[in-house]
Amino acid sequence: MKKTYRWKKVSTGILAAVLLASTLVGCGTTTGGNIAADSAASPSANETASSANEIATPANEIASPDNETETKAEAVISVAIGADPSSFDPAISLGGALMYIFGLTQESLTRFGDDQQLVDGLADKIEHNEDFTEWTFTLRDSGWNNGDSVTADDWVYGIGRLVDGTTDVAFPDFVYEIKNARAIFAKEADASTLGVTAVDEKTVKFTLEYPVPYFEKLLTHCQHFGVNRSFVASIGGDVNYGTTAQTSLGNGPYYVDSWKTDNVVVLKKNPYYWNKDNIAVDQVNVYIIPDESTQVNMFINGELDIVDFSAQRLSTIKSAGFDAQSYNNGRTAYLSYNFTNPYFVNKYIRQAISSAIDRDSLVAGVLKNDSKVADGFVPPGLSGADSTFRDIVGGTLEYAYNPERSRELLKNGTDELGINAADINFTLLTSNTDEFKSIAGALQQLLQNELGITVNIETLDSGSVYAKRSSGDYDVYLTSWGADYDDATNFLGSYEHGDEAADYLYKSEEFNTVYKAAVYTLDQKERIAQLGESEKILLEDQGITTLYYTAQYYAVSDRASGVIRRAVVPYLDTYFVSVND
Amino acid sequence: MKRYILQRLGIAAITIFVVITLTFFLMHMIPGSPIARENANMTEEVRAALTSNYGLNKPLGEQYIIYITNILHGNFGTSIAYSNRSVTDIIKTAFPVSADLGLRALLIGVSLGVALGIVSALRHNKGWDRFASVIAVIGISVPSFIIGTLLQAAFGLWLSSWVKDIFHTSFQLFPISRWESFRYTILPSFALGIGSIAIIARLMRSSMLDVIGQDYIKTARSKGISNTAILWKHEVRNALIPVVTVVGRMVGVICTGSFVVESLFAIPGLGKYYVNSVTARDYTLTMGLTIFYAIFVVISSLAVDILYCVIDPRVRYTGVSK
């Protein structure tokens with residue numbers, strides 16, 4: 001009996017040791033095995049960056065003493081984005097995270113300077129006619145990263161391919177301000193009639209359908225980028241453009257040197273870029289890190305130079321010794337009503353809802369970040385004429401939080417409809433992000449407490465939310481909108497609906513008249529004032545109920561300086577960054 | 001045996017066909033469209049052009065027939081959300097990574113799980129057994145994203161900052177995320193494998209206890225066979241049978257990618273495509289992944305059944321599946 005026990009003891013020990021050893025040995029063999037080799041050889045993995053060691057990381061540079069003895073180490077910064085770019089073709093790429101990369105690899109005729117002011121991009125001379133319908137750009141001497149010169153034809157081709165059927169999946173409506181763009185896409189006009197022409201090799205002329213005083217700003221958006229015709233032909237045509245690092249081309253300060261799907265995009269300095277001497281950073285590693293907590297951990301560990309994070313990670317960042325900063329990211333959160341809903345057809349009901357919402361409590365109690373209570377729709381940070389839109393127009397929200405007034409308005413509304421307040425019952429549709437889920441919950445409670453009306457919440461994935469929204473299958477939804485380009489029309493233009501538009505949308509003769517007048521006003525200051533008037537009408541009607549202007553926390557490593565954050569795309573810009581190791 | 005395998009393959013083909021058909025129609029039944037944009041201001045001609053690009057303007061029945069014809073020709077189509085990438089290419093790129101991670105996790109799960117199970121059965125109700133129970137409770141009840149986050153914090157952040165302070169080196173033994181060399185794989189493999197350690201350990205323990213009490217063990221002992229021989233030839237081998245069944249099922253789940261672990265550790269695997277393709281209503285990708293997953297599960301369960309025969313001679317298939 002005693003012997004048995006000892007045997008068991010010995011054999012157990014050996015067994016455990018053998019199994020543990022086999023785990024380690026087993027893991028080791030798998031590394032060199034076929035699976036790892038396969039993935040390295042797969043088409044989208046890039047030959048230039050097949051191992052982590054080849055990509056210089058800032059951490060390596062800080063602490064490795066070898067680098068200090070070298071004459072001039074390459075300056076490298078690392079940034080994270082949340083999703084794979086999936087394509088570097090500006091015609092089909094609309095992902096928000098990609099905009100950061102496009103801001104560095106593609107330069108338009110104009111670009112943003114080290115604040116939100118527009119500066120010259122690849123064009124150094126810009127002229128327009130009196131009514132802003134004809135724009136002429138003279139190009140600088142600058143090059144694509146394959147050595148080709150930037151020419152006027154890049155824009156003739158780049159815009160043309162969006163509408164003439166060259167690209168399969170295009171968003172042609174983003175360039176509809178250009179003469180005949182819509183007609184060509186609808187096959188009502190010949191492709192040669194497009195309002196983009198190369199006057200000579202270095203001069204490109206745009207003819208527009210209607211006056212666009214902010215056309216320079218539209219150009220910063222990726223649908224207005226130039227594309228190199230001969231390069232696209234050399235890689236076997238349009239379907240291959242932007243699908244790998246080798247079939248992508250940059251005319252900005254950087255180009256895509258390598259791209260490993262869902263892993264890392266390495267950007268290197270474009271040697272043919274006109275301003276290359278003022279670009280301090282030689283290489284940008286853009287890691288694809290979907291999880292925010294992982295990004296924060298990497299940042300704290302010195303693997304990233306910039307990180308965006310939500311309020312719940314503020315203490316983590318601060319306790320790691322970093323300064324948390326915050327910027328206005330140009331989004332406005334709001335409620336959008338269905339105008340066929342029996343309650344929301346009534347203006348008083350919508351105004352009552354707006355007055356019942358204590359926006360301070362949403363910002364301070366729920367969001368707990370630097371978001372601001374909305375006093376209009378167009379967020380602060382979007383430019384106007386010589387100051388911002390909001391500075392010029394001021395607050396336009398008449399129905400701010402006011403519980404007493406809210407109950408009066410509700411009474412007016414229920415009297416008109418002949419119902420009791422307690423009968424009001426509707427569903428608030430929202431997508432399943434943390435922010436919106438908690439805001440929806442807070443709204444449910446606020447409206448119940450202030451007005452005694454019942455709000456149900458329906459939380460769905462964004463795909464289902466978009467589907468319901470575009471078919472009018474909702475009572476009211478919570479959403480937010482951010483600017484594609486730096487002009488208030490990008491916000492207010494969505495509410496100009498004619499008679500033919502679906503009934504669930506906001507329709508107002510008065511709004512349409514004022515908005516249209518604003519669009520055709522050539523004087524910038526007056527145009528902004530007019531747009532402000534149209535915003536006032538929208539919010540007087542409570543066509544939408546605006547809630548707050550969003551803010552985003554971020555932190556920058558001690559070694560990097562010159563990081564720019566903006567209220568419009570690109571939200572993050574490292575053009576002016578320098579490192580100090 | 002041959003007939004049995006053929007029969008199973010036939011059933012598998014029918015299963016896969018049913019899965020394809022059901023998924024196809026269910027996918028198109030849920031509201032939404034792959035071309036939906038955040039702002040609903042898409043003009044009519046753009047909508048028309050996009051829907052006809054993807055063949056979404058045809059009647060559903062016709063789309064189904066086209067799809068089936070295509071996959072019979074080995075063409076799984078192009079992803080809608082990941083423009084210009086074919087479904088086959090996405091699977092080819094991402095699956096090896098998921099399988100790699102999954103096999104590492106399984107190896108950890110099976111070896112540690114079986115070891116813990118044996119030890120706790122032999123040390124029934126003693127210290128080792130209790131230790132194994134604690135591991136099992138943690139492994140089963142704590143979700144992998146919490147374990148993953150803890151591993152990141154403990155090994156990626158704290159350990160590396162100590163190492164940096166003490167040795168003045170920037171070498172990162174356990175990187176926080178990404179998928180590069182061996183040291184990158186350790187934390188995610190444990191995060192994914194710890195659940196299976198727990199499941200397998202509990203199963204192995206109860207199965208061992210069951211076997212130990214069997215008459216044939218007593219007989220073997222009375223014949224004077226050594227304890228080592230009894231342990232390995234009779235107890236462990238017999239106790240492994242239910243474990244093999246469970247592991248077989250696990251292969252299908254673990255090797256095809258985990259959304260949580262892969263996104264936490266930024267691993268370029270297949271896991272996120274399952275979730276994202278449905279959210280984006282990327283019909284072709286969802287269909288391709290479903291077919292792939294179905295084939296994988298069917299084959300791995302067939303392999304389990306065959307392995308079963310090999311391990312346990314008592315199991316004889318005579319046309320009746322277990």
# chains A, B, ... in the order shown; residues from 1 in each chain; ligands from 1
call {"tool": "residues_around", "arguments": {"residues": "range 78-94 of chain A", "least_positions_apart": "4", "cutoff": "6 Å", "atoms": "only C-alpha atoms", "output": "list in words"}}
result
Leu98, Ala170, Cys222, Gln223, Tyr241, Gly242, Thr243, Asp262, Val284, Asn285, Val286, Tyr287, Ile288, Ile289, Pro290, Leu304, Asp305 and Ile306 of chain A; Tyr82 of chain B
call {"tool": "interface_residues", "arguments": {"of": "chain B", "to": "chain A", "cutoff": "6 Å", "atoms": "only C-alpha atoms", "output": "list in words"}}
result
Pro31, Gly32, Ala40, Tyr82, Thr93, Pro96, Ser111, Ala115, Ser170, Glu180, Ser263, Leu264, Ala266, Pro268, Thr279 and Ala280 of chain B
call {"tool": "atom_distance", "arguments": {"atom1": "CA of Phe25 in chain B", "atom2": "CA of Gly74 in chain B"}}
result
20.3 Å
call {"tool": "residues_around", "arguments": {"residues": "Leu26 in chain B", "least_positions_apart": "2", "cutoff": "12 Å", "atoms": "only C-alpha atoms", "output": "JSON, numbers by chain"}}
result
{"B": [18, 19, 20, 21, 22, 23, 24, 28, 29, 30, 31, 60, 64, 278, 281, 283, 286, 287]}
call {"tool": "residues_around", "arguments": {"residues": "Ser578 in chain A", "least_positions_apart": "4", "cutoff": "9 Å", "atoms": "only C-alpha atoms", "output": "VMD selection string"}}
result
chain A and resid 75 77 279 to 281 559 to 563 574
call {"tool": "closest_residue", "arguments": {"among": "B:Leu285, B:Ile146, B:Val261, B:Ile217", "to": "Thr78 in chain B", "atoms": "only C-alpha atoms"}}
result
B:Leu285
call {"tool": "residues_around", "arguments": {"residues": "Gly269 in chain B", "least_positions_apart": "2", "cutoff": "12 Å", "atoms": "only C-alpha atoms", "output": "MDAnalysis selection string"}}
result
(chainID A and resid 39 261:263) or (chainID B and resid 90:102 178:179 188 254:267 271:274)
call {"tool": "residues_around", "arguments": {"residues": "Ala422 in chain A", "least_positions_apart": "3", "cutoff": "10 Å", "atoms": "only C-alpha atoms", "output": "PyMOL selection string"}}
result
chain A and resi 414+419+425+448+451-454
call {"tool": "closest_residue", "arguments": {"among": "A:Pro342, A:Gly113, A:Gly236, A:Gly160", "to": "Thr193 in chain A", "atoms": "only C-alpha atoms"}}
result
A:Gly160
call {"tool": "atom_distance", "arguments": {"atom1": "CA of Lys525 in chain A", "atom2": "CA of Ala374 in chain A"}}
result
22.5 Å
call {"tool": "residues_around", "arguments": {"residues": "range 137-146 of chain A", "least_positions_apart": "2", "cutoff": "7 Å", "atoms": "only C-alpha atoms", "output": "list in words"}}
result
Leu122, Ala123, Asp124, Lys125, Ile126, Glu127, Trp135, Asp148, Ser149, Val150, Lys202, Thr203, Val204, Lys205, Leu249, Gly250, Asn251, Tyr255, Asn270, Pro271, Tyr272, Tyr273 and Trp274 of chain A
call {"tool": "write_last_selection", "arguments": {"atoms": "C-alpha atoms", "output": "tab-separated table (two decimals), in the first residue's frame"}}
result
chain	number	residue	atom	x	y	z
A	122	LEU	CA	-0.08	70.53	-54.83
A	123	ALA	CA	-1.35	73.74	-56.44
A	124	ASP	CA	0.39	76.98	-55.55
A	125	LYS	CA	-1.87	79.29	-57.48
A	126	ILE	CA	-5.66	79.21	-57.23
A	127	GLU	CA	-8.00	81.43	-59.25
A	135	TRP	CA	-11.68	77.35	-60.70
A	148	ASP	CA	6.19	60.57	-62.24
A	149	SER	CA	5.39	64.27	-62.14
A	150	VAL	CA	2.10	65.44	-60.76
A	202	LYS	CA	0.46	72.07	-64.98
A	203	THR	CA	-2.92	73.81	-65.10
A	204	VAL	CA	-6.21	72.16	-64.26
A	205	LYS	CA	-9.55	73.86	-64.62
A	249	LEU	CA	0.75	55.26	-55.36
A	250	GLY	CA	1.20	58.40	-53.26
A	251	ASN	CA	1.61	62.03	-54.24
A	255	TYR	CA	3.63	56.57	-49.65
A	270	ASN	CA	7.97	60.28	-50.67
A	271	PRO	CA	11.33	61.43	-52.13
A	272	TYR	CA	9.59	63.38	-54.90
A	273	TYR	CA	7.27	65.40	-52.66
A	274	TRP	CA	7.74	69.17	-53.05
call {"tool": "select_by_dssp", "arguments": {"residues": "range 285-316 of chain A", "states": "alpha helix (DSSP H)", "output": "ChimeraX atom specification"}}
result
/A:292-300,314-316
call {"tool": "select_by_dssp", "arguments": {"residues": "range 367-579 of chain A", "states": "strand (DSSP E)", "output": "ChimeraX atom specification"}}
result
/A:372-373,425-431,454-460,476-482,544-556,560-561,564-565,572-573,578-579
call {"tool": "decode", "arguments": {"residues": "range 104-246 of chain B", "atoms": "C-alpha atoms", "output": "PDB file, in the first residue's frame"}}
result
ATOM      1  CA  ARG B 104      -1.457  26.538 -29.978  1.00  0.00           C
ATOM      2  CA  ALA B 105      -4.424  27.188 -27.714  1.00  0.00           C
ATOM      3  CA  LEU B 106      -5.589  23.585 -28.109  1.00  0.00           C
ATOM      4  CA  LEU B 107      -2.130  22.261 -27.375  1.00  0.00           C
ATOM      5  CA  ILE B 108      -2.077  24.264 -24.161  1.00  0.00           C
ATOM      6  CA  GLY B 109      -5.643  23.290 -23.384  1.00  0.00           C
ATOM      7  CA  VAL B 110      -5.185  19.573 -24.034  1.00  0.00           C
ATOM      8  CA  SER B 111      -1.773  19.076 -22.449  1.00  0.00           C
ATOM      9  CA  LEU B 112      -2.397  21.146 -19.341  1.00  0.00           C
ATOM     10  CA  GLY B 113      -6.008  20.024 -19.139  1.00  0.00           C
ATOM     11  CA  VAL B 114      -5.181  16.317 -19.366  1.00  0.00           C
ATOM     12  CA  ALA B 115      -2.293  16.686 -16.932  1.00  0.00           C
ATOM     13  CA  LEU B 116      -4.407  18.550 -14.411  1.00  0.00           C
ATOM     14  CA  GLY B 117      -7.228  16.061 -14.870  1.00  0.00           C
ATOM     15  CA  ILE B 118      -4.971  13.055 -14.242  1.00  0.00           C
ATOM     16  CA  VAL B 119      -3.275  14.654 -11.272  1.00  0.00           C
ATOM     17  CA  SER B 120      -6.506  15.695  -9.655  1.00  0.00           C
ATOM     18  CA  ALA B 121      -8.037  12.262 -10.177  1.00  0.00           C
ATOM     19  CA  LEU B 122      -5.006  10.574  -8.623  1.00  0.00           C
ATOM     20  CA  ARG B 123      -4.981  13.119  -5.804  1.00  0.00           C
ATOM     21  CA  HIS B 124      -8.742  13.009  -5.462  1.00  0.00           C
ATOM     22  CA  ASN B 125      -9.921  15.633  -2.929  1.00  0.00           C
ATOM     23  CA  LYS B 126      -6.377  16.617  -2.028  1.00  0.00           C
ATOM     24  CA  GLY B 127      -4.385  19.822  -2.657  1.00  0.00           C
ATOM     25  CA  TRP B 128      -3.768  19.213  -6.364  1.00  0.00           C
ATOM     26  CA  ASP B 129      -7.403  18.422  -6.954  1.00  0.00           C
ATOM     27  CA  ARG B 130      -8.486  21.642  -5.291  1.00  0.00           C
ATOM     28  CA  PHE B 131      -5.918  23.601  -7.267  1.00  0.00           C
ATOM     29  CA  ALA B 132      -7.293  22.067 -10.455  1.00  0.00           C
ATOM     30  CA  SER B 133     -10.827  22.969  -9.402  1.00  0.00           C
ATOM     31  CA  VAL B 134      -9.820  26.571  -8.893  1.00  0.00           C
ATOM     32  CA  ILE B 135      -8.239  26.669 -12.349  1.00  0.00           C
ATOM     33  CA  ALA B 136     -11.355  25.088 -13.807  1.00  0.00           C
ATOM     34  CA  VAL B 137     -13.704  27.561 -12.184  1.00  0.00           C
ATOM     35  CA  ILE B 138     -11.584  30.468 -13.395  1.00  0.00           C
ATOM     36  CA  GLY B 139     -11.228  29.029 -16.867  1.00  0.00           C
ATOM     37  CA  ILE B 140     -14.918  28.371 -17.328  1.00  0.00           C
ATOM     38  CA  SER B 141     -16.382  31.426 -15.655  1.00  0.00           C
ATOM     39  CA  VAL B 142     -13.999  34.213 -16.643  1.00  0.00           C
ATOM     40  CA  PRO B 143     -14.531  35.291 -20.254  1.00  0.00           C
ATOM     41  CA  SER B 144     -11.504  35.282 -22.523  1.00  0.00           C
ATOM     42  CA  PHE B 145     -11.447  39.040 -23.021  1.00  0.00           C
ATOM     43  CA  ILE B 146     -10.936  39.533 -19.284  1.00  0.00           C
ATOM     44  CA  ILE B 147      -8.236  36.885 -19.148  1.00  0.00           C
ATOM     45  CA  GLY B 148      -6.661  38.448 -22.229  1.00  0.00           C
ATOM     46  CA  THR B 149      -6.727  41.944 -20.759  1.00  0.00           C
ATOM     47  CA  LEU B 150      -5.238  40.658 -17.493  1.00  0.00           C
ATOM     48  CA  LEU B 151      -2.483  38.810 -19.343  1.00  0.00           C
ATOM     49  CA  GLN B 152      -1.728  41.956 -21.352  1.00  0.00           C
ATOM     50  CA  ALA B 153      -1.538  44.067 -18.233  1.00  0.00           C
ATOM     51  CA  ALA B 154       0.439  41.558 -16.157  1.00  0.00           C
ATOM     52  CA  PHE B 155       2.939  40.290 -18.726  1.00  0.00           C
ATOM     53  CA  GLY B 156       2.853  42.978 -21.383  1.00  0.00           C
ATOM     54  CA  LEU B 157       2.851  46.057 -19.202  1.00  0.00           C
ATOM     55  CA  TRP B 158       3.973  45.403 -15.614  1.00  0.00           C
ATOM     56  CA  LEU B 159       6.483  42.655 -16.253  1.00  0.00           C
ATOM     57  CA  SER B 160       8.062  44.541 -19.123  1.00  0.00           C
ATOM     58  CA  SER B 161       8.325  47.769 -17.138  1.00  0.00           C
ATOM     59  CA  TRP B 162      10.092  45.851 -14.332  1.00  0.00           C
ATOM     60  CA  VAL B 163      12.380  44.220 -16.840  1.00  0.00           C
ATOM     61  CA  LYS B 164      13.107  47.621 -18.342  1.00  0.00           C
ATOM     62  CA  ASP B 165      13.877  49.118 -14.942  1.00  0.00           C
ATOM     63  CA  ILE B 166      16.090  46.262 -13.821  1.00  0.00           C
ATOM     64  CA  PHE B 167      17.958  45.314 -17.008  1.00  0.00           C
ATOM     65  CA  HIS B 168      17.726  48.604 -18.912  1.00  0.00           C
ATOM     66  CA  THR B 169      16.612  46.870 -22.060  1.00  0.00           C
ATOM     67  CA  SER B 170      13.713  47.552 -24.333  1.00  0.00           C
ATOM     68  CA  PHE B 171      13.282  43.866 -25.153  1.00  0.00           C
ATOM     69  CA  GLN B 172       9.670  42.909 -24.776  1.00  0.00           C
ATOM     70  CA  LEU B 173       9.316  39.267 -23.818  1.00  0.00           C
ATOM     71  CA  PHE B 174       5.529  39.276 -24.111  1.00  0.00           C
ATOM     72  CA  PRO B 175       4.384  41.971 -26.555  1.00  0.00           C
ATOM     73  CA  ILE B 176       0.971  43.441 -25.797  1.00  0.00           C
ATOM     74  CA  SER B 177      -0.508  42.668 -29.173  1.00  0.00           C
ATOM     75  CA  ARG B 178      -0.003  41.810 -32.848  1.00  0.00           C
ATOM     76  CA  TRP B 179       1.083  38.593 -34.509  1.00  0.00           C
ATOM     77  CA  GLU B 180       4.724  38.417 -35.529  1.00  0.00           C
ATOM     78  CA  SER B 181       7.132  35.934 -33.982  1.00  0.00           C
ATOM     79  CA  PHE B 182       6.806  33.203 -31.349  1.00  0.00           C
ATOM     80  CA  ARG B 183       6.875  35.512 -28.347  1.00  0.00           C
ATOM     81  CA  TYR B 184       3.880  37.391 -29.768  1.00  0.00           C
ATOM     82  CA  THR B 185       1.830  34.196 -29.769  1.00  0.00           C
ATOM     83  CA  ILE B 186       2.180  33.204 -26.122  1.00  0.00           C
ATOM     84  CA  LEU B 187      -0.320  35.527 -24.453  1.00  0.00           C
ATOM     85  CA  PRO B 188      -3.136  35.120 -27.008  1.00  0.00           C
ATOM     86  CA  SER B 189      -2.668  31.339 -27.026  1.00  0.00           C
ATOM     87  CA  PHE B 190      -3.129  31.231 -23.277  1.00  0.00           C
ATOM     88  CA  ALA B 191      -6.056  33.652 -23.402  1.00  0.00           C
ATOM     89  CA  LEU B 192      -7.775  31.420 -25.930  1.00  0.00           C
ATOM     90  CA  GLY B 193      -6.659  28.119 -24.392  1.00  0.00           C
ATOM     91  CA  ILE B 194      -7.415  28.678 -20.740  1.00  0.00           C
ATOM     92  CA  GLY B 195     -11.090  27.894 -21.213  1.00  0.00           C
ATOM     93  CA  SER B 196     -10.267  24.545 -22.776  1.00  0.00           C
ATOM     94  CA  ILE B 197      -7.796  23.708 -19.990  1.00  0.00           C
ATOM     95  CA  ALA B 198     -10.678  23.996 -17.593  1.00  0.00           C
ATOM     96  CA  ILE B 199     -13.147  21.983 -19.631  1.00  0.00           C
ATOM     97  CA  ILE B 200     -10.687  19.224 -20.430  1.00  0.00           C
ATOM     98  CA  ALA B 201      -9.338  19.025 -16.866  1.00  0.00           C
ATOM     99  CA  ARG B 202     -12.819  18.554 -15.413  1.00  0.00           C
ATOM    100  CA  LEU B 203     -13.724  15.999 -18.027  1.00  0.00           C
ATOM    101  CA  MET B 204     -10.463  14.098 -17.687  1.00  0.00           C
ATOM    102  CA  ARG B 205     -10.798  14.041 -13.904  1.00  0.00           C
ATOM    103  CA  SER B 206     -14.292  12.593 -13.836  1.00  0.00           C
ATOM    104  CA  SER B 207     -13.487  10.177 -16.612  1.00  0.00           C
ATOM    105  CA  MET B 208     -10.358   8.994 -14.782  1.00  0.00           C
ATOM    106  CA  LEU B 209     -12.268   8.532 -11.536  1.00  0.00           C
ATOM    107  CA  ASP B 210     -14.824   6.513 -13.435  1.00  0.00           C
ATOM    108  CA  VAL B 211     -12.191   4.305 -15.030  1.00  0.00           C
ATOM    109  CA  ILE B 212     -10.251   3.812 -11.795  1.00  0.00           C
ATOM    110  CA  GLY B 213     -13.317   2.290 -10.194  1.00  0.00           C
ATOM    111  CA  GLN B 214     -13.864  -0.200 -13.037  1.00  0.00           C
ATOM    112  CA  ASP B 215     -13.527  -3.945 -12.527  1.00  0.00           C
ATOM    113  CA  TYR B 216     -10.843  -4.365 -15.174  1.00  0.00           C
ATOM    114  CA  ILE B 217      -8.546  -2.054 -13.248  1.00  0.00           C
ATOM    115  CA  LYS B 218      -9.022  -4.177 -10.165  1.00  0.00           C
ATOM    116  CA  THR B 219      -8.348  -7.281 -12.252  1.00  0.00           C
ATOM    117  CA  ALA B 220      -5.200  -5.758 -13.673  1.00  0.00           C
ATOM    118  CA  ARG B 221      -4.021  -4.789 -10.226  1.00  0.00           C
ATOM    119  CA  SER B 222      -4.703  -8.284  -8.873  1.00  0.00           C
ATOM    120  CA  LYS B 223      -2.695  -9.740 -11.763  1.00  0.00           C
ATOM    121  CA  GLY B 224       0.244  -7.777 -10.403  1.00  0.00           C
ATOM    122  CA  ILE B 225       0.695  -5.397 -13.304  1.00  0.00           C
ATOM    123  CA  SER B 226       2.840  -2.409 -12.379  1.00  0.00           C
ATOM    124  CA  ASN B 227       1.134   0.829 -11.433  1.00  0.00           C
ATOM    125  CA  THR B 228       2.765   2.706 -14.304  1.00  0.00           C
ATOM    126  CA  ALA B 229       1.449   0.224 -16.814  1.00  0.00           C
ATOM    127  CA  ILE B 230      -2.024   0.369 -15.314  1.00  0.00           C
ATOM    128  CA  LEU B 231      -1.951   4.157 -15.316  1.00  0.00           C
ATOM    129  CA  TRP B 232      -0.879   4.530 -18.935  1.00  0.00           C
ATOM    130  CA  LYS B 233      -2.289   1.440 -20.649  1.00  0.00           C
ATOM    131  CA  HIS B 234      -5.599   1.183 -18.896  1.00  0.00           C
ATOM    132  CA  GLU B 235      -6.562   4.248 -16.953  1.00  0.00           C
ATOM    133  CA  VAL B 236      -5.350   7.159 -19.111  1.00  0.00           C
ATOM    134  CA  ARG B 237      -6.103   5.514 -22.418  1.00  0.00           C
ATOM    135  CA  ASN B 238      -9.668   4.657 -21.500  1.00  0.00           C
ATOM    136  CA  ALA B 239     -10.242   7.944 -19.788  1.00  0.00           C
ATOM    137  CA  LEU B 240      -9.129   9.813 -22.895  1.00  0.00           C
ATOM    138  CA  ILE B 241     -12.078   8.619 -25.000  1.00  0.00           C
ATOM    139  CA  PRO B 242     -14.591  11.265 -23.932  1.00  0.00           C
ATOM    140  CA  VAL B 243     -11.831  13.864 -24.049  1.00  0.00           C
ATOM    141  CA  VAL B 244     -11.117  13.076 -27.700  1.00  0.00           C
ATOM    142  CA  THR B 245     -14.762  13.679 -28.540  1.00  0.00           C
ATOM    143  CA  VAL B 246     -14.745  17.062 -26.874  1.00  0.00           C
TER     144      VAL B 246
END
